[in-house]
Amino acid sequence: IREIGGYGSAPGLFDQPDYITVDNGLSFLITDGGNRRLTRFDGRLNFVDELVLVDDEDPLMYGIPSGVAITRYGEVWVADRQNNRIALFDNIWQFDRFIGDFGYGGGQLASPEKILQLSSEQFLVCDAGNSRLLFYDQYGNYEKELETEELKYPKSAAIDRQRRVWVLDGESGRLLALSLSGKRLLLVGPTLPGNNEALRGPSDIAFLPDGRMLISDSGNNRLLVCSIVEAKP
């Protein structure tokens with residue numbers, strides 16, 4: 001339909017773009033790791049504005065952004081893969097506070113990746129370096145963790161119309177489907193049914209409005225479109 005971008009640091013250009021989130025269906029944000037910023041575009045890919053994650057008074061305050069989520073009130077959560085924490089910004093993109101620090105206990109993090117907003121009151125963070133999922137409330141308070149032997153490096157997660165959480169493991173190339181309570185529903189991959197080439201270094205998943213799943217299979221330089229086939233009783 002249309003495209004934008006190319007390598008560079010000028011508005012609308014990228015250096016290692018990573019995750020995308022939609023802002024109330026009107027615009028979307030992209031984390032631009034190499035330029036250490038968030039960039040916002042409208043639905044027609046026109047550049048709107050950017051949030052540069054650089055503090056002149058404290059050069060080490062921000063690292064490399066990875067996952068991003070935005071609330072219905074415009075507050076922004078940005079995962080910092082390098083500094084092992086999450087930065088929160090208000091609805092005018094002013095820094096508010098950090099969530100977490102490096103470690104394993106409680107709400108601590110190691111190489112956080114995708115941030116998924118499950119509801120207006122709950123967020124899921126792929127705590128990839130610790131091989132687990134963490135859950136926080138809307139204020140950034142740690143609630144619980146989910147850890148299974150199938151998760152090696154949970155890179156991304158998405159929620160389908162049945163409120164099941166699908167987790168993509170970037171190391172093993174497998175997909176894990178969970179209930180919101182943490183019950184394992186399905187494990188598949190790295191070779192998916194109907195395809196003869198295993199996922200290699202996959203980086204992100206998302207659901208289309210019609211229920212189909214998109215998988216960024218980065219190691220194979222391809223995008224997969226998958227249907228979820230429900231088992232009949």
# chains A, B, ... in the order shown; residues from 1 in each chain; ligands from 1

call {"tool": "residues_around", "arguments": {"residues": "Gln94 in chain A", "least_positions_apart": "4", "cutoff": "12 Å", "atoms": "only C-alpha atoms", "output": "list of chain:residue names"}}
result
A:Leu51, A:Val52, A:Leu53, A:Gly74, A:Glu75, A:Val76, A:Trp77, A:Ala87, A:Leu88, A:Phe89, A:Asp90

call {"tool": "select_by_dssp", "arguments": {"residues": "range 112-146 of chain A", "states": "strand (DSSP E)", "output": "list in words"}}
result
Pro112, Glu113, Lys114, Ile115, Leu116, Gln117, Leu118, Ser119, Gln122, Phe123, Leu124, Val125, Cys126, Asp127, Arg132, Leu133, Leu134, Phe135, Tyr136, Asp137, Tyr142, Glu143, Lys144, Glu145 and Leu146 of chain A

call {"tool": "residues_around", "arguments": {"residues": "Ala79 in chain A", "least_positions_apart": "2", "cutoff": "7 Å", "atoms": "only C-alpha atoms", "output": "list in words"}}
result
Pro65, Ser66, Gly67, Val68, Trp77, Arg81, Arg85, Ile86, Ala87, Pro112 and Glu113 of chain A

call {"tool": "residues_around", "arguments": {"residues": "Leu45 in chain A", "least_positions_apart": "4", "cutoff": "8 Å", "atoms": "only C-alpha atoms", "output": "ChimeraX atom specification"}}
result
/A:2-4,41

call {"tool": "write_last_selection", "arguments": {"atoms": "C-alpha atoms", "output": "PDB file, in the first residue's frame"}}
result
ATOM      1  CA  ARG A   2       2.743   2.422   0.994  1.00  0.00           C
ATOM      2  CA  GLU A   3       6.079   2.559   2.785  1.00  0.00           C
ATOM      3  CA  ILE A   4       8.310   4.924   4.683  1.00  0.00           C
ATOM      4  CA  PHE A  41       3.363   8.138  12.500  1.00  0.00           C
TER       5      PHE A  41
END

call {"tool": "residues_around", "arguments": {"residues": "range 121-125 of chain A", "least_positions_apart": "3", "cutoff": "7 Å", "atoms": "only C-alpha atoms", "output": "list in words"}}
result
Pro112, Lys114, Ile115, Leu116, Gln117, Leu118, Leu133, Leu134, Phe135, Tyr136, Asp137 and Gln138 of chain A

call {"tool": "residues_around", "arguments": {"residues": "range 219-224 of chain A", "least_positions_apart": "5", "cutoff": "9 Å", "atoms": "only C-alpha atoms", "output": "mmCIF file with C-alpha atoms, in the first residue's frame"}}
result
data_model
loop_
_atom_site.group_PDB
_atom_site.id
_atom_site.type_symbol
_atom_site.label_atom_id
_atom_site.label_comp_id
_atom_site.auth_asym_id
_atom_site.auth_seq_id
_atom_site.Cartn_x
_atom_site.Cartn_y
_atom_site.Cartn_z
ATOM 1 C CA GLU A 197 11.043 -24.579 7.188
ATOM 2 C CA ALA A 198 11.594 -24.094 10.906
ATOM 3 C CA LEU A 199 11.338 -20.671 12.496
ATOM 4 C CA ARG A 200 14.790 -19.199 13.052
ATOM 5 C CA GLY A 201 15.301 -16.250 15.377
ATOM 6 C CA PRO A 202 11.661 -15.074 15.178
ATOM 7 C CA SER A 203 11.160 -11.595 16.594
ATOM 8 C CA MET A 213 -1.526 -14.497 13.231
ATOM 9 C CA LEU A 214 1.503 -12.720 11.756
#

call {"tool": "closest_residue", "arguments": {"among": "A:Asn24, A:Pro11, A:Asp217, A:Glu57", "to": "Leu38 in chain A", "atoms": "only C-alpha atoms"}}
result
A:Pro11

call {"tool": "closest_residue", "arguments": {"among": "A:Thr191, A:Asn141, A:Thr71, A:Ser119", "to": "Ile99 in chain A", "atoms": "only C-alpha atoms"}}
result
A:Asn141

call {"tool": "residues_around", "arguments": {"residues": "Ser179 in chain A", "least_positions_apart": "3", "cutoff": "6 Å", "atoms": "only C-alpha atoms", "output": "list in words"}}
result
Arg164, Gly182 and Lys183 of chain A

call {"tool": "select_by_dssp", "arguments": {"residues": "range 49-225 of chain A", "states": "helix (DSSP H, G or I)", "output": "PyMOL selection string"}}
result
chain A and resi 128-130+218-220

call {"tool": "write_last_selection", "arguments": {"atoms": "C-alpha atoms", "output": "short mmCIF file (atom, residue, chain, number, x, y, z; two decimals), in the first residue's frame"}}
result
data_model
loop_
_atom_site.label_atom_id
_atom_site.label_comp_id
_atom_site.auth_asym_id
_atom_site.auth_seq_id
_atom_site.Cartn_x
_atom_site.Cartn_y
_atom_site.Cartn_z
CA ALA A 128 13.54 -12.57 28.10
CA GLY A 129 16.85 -12.66 29.96
CA ASN A 130 15.16 -14.41 32.89
CA SER A 218 13.68 -12.68 11.16
CA GLY A 219 16.29 -15.42 10.77
CA ASN A 220 14.64 -16.56 7.54
#
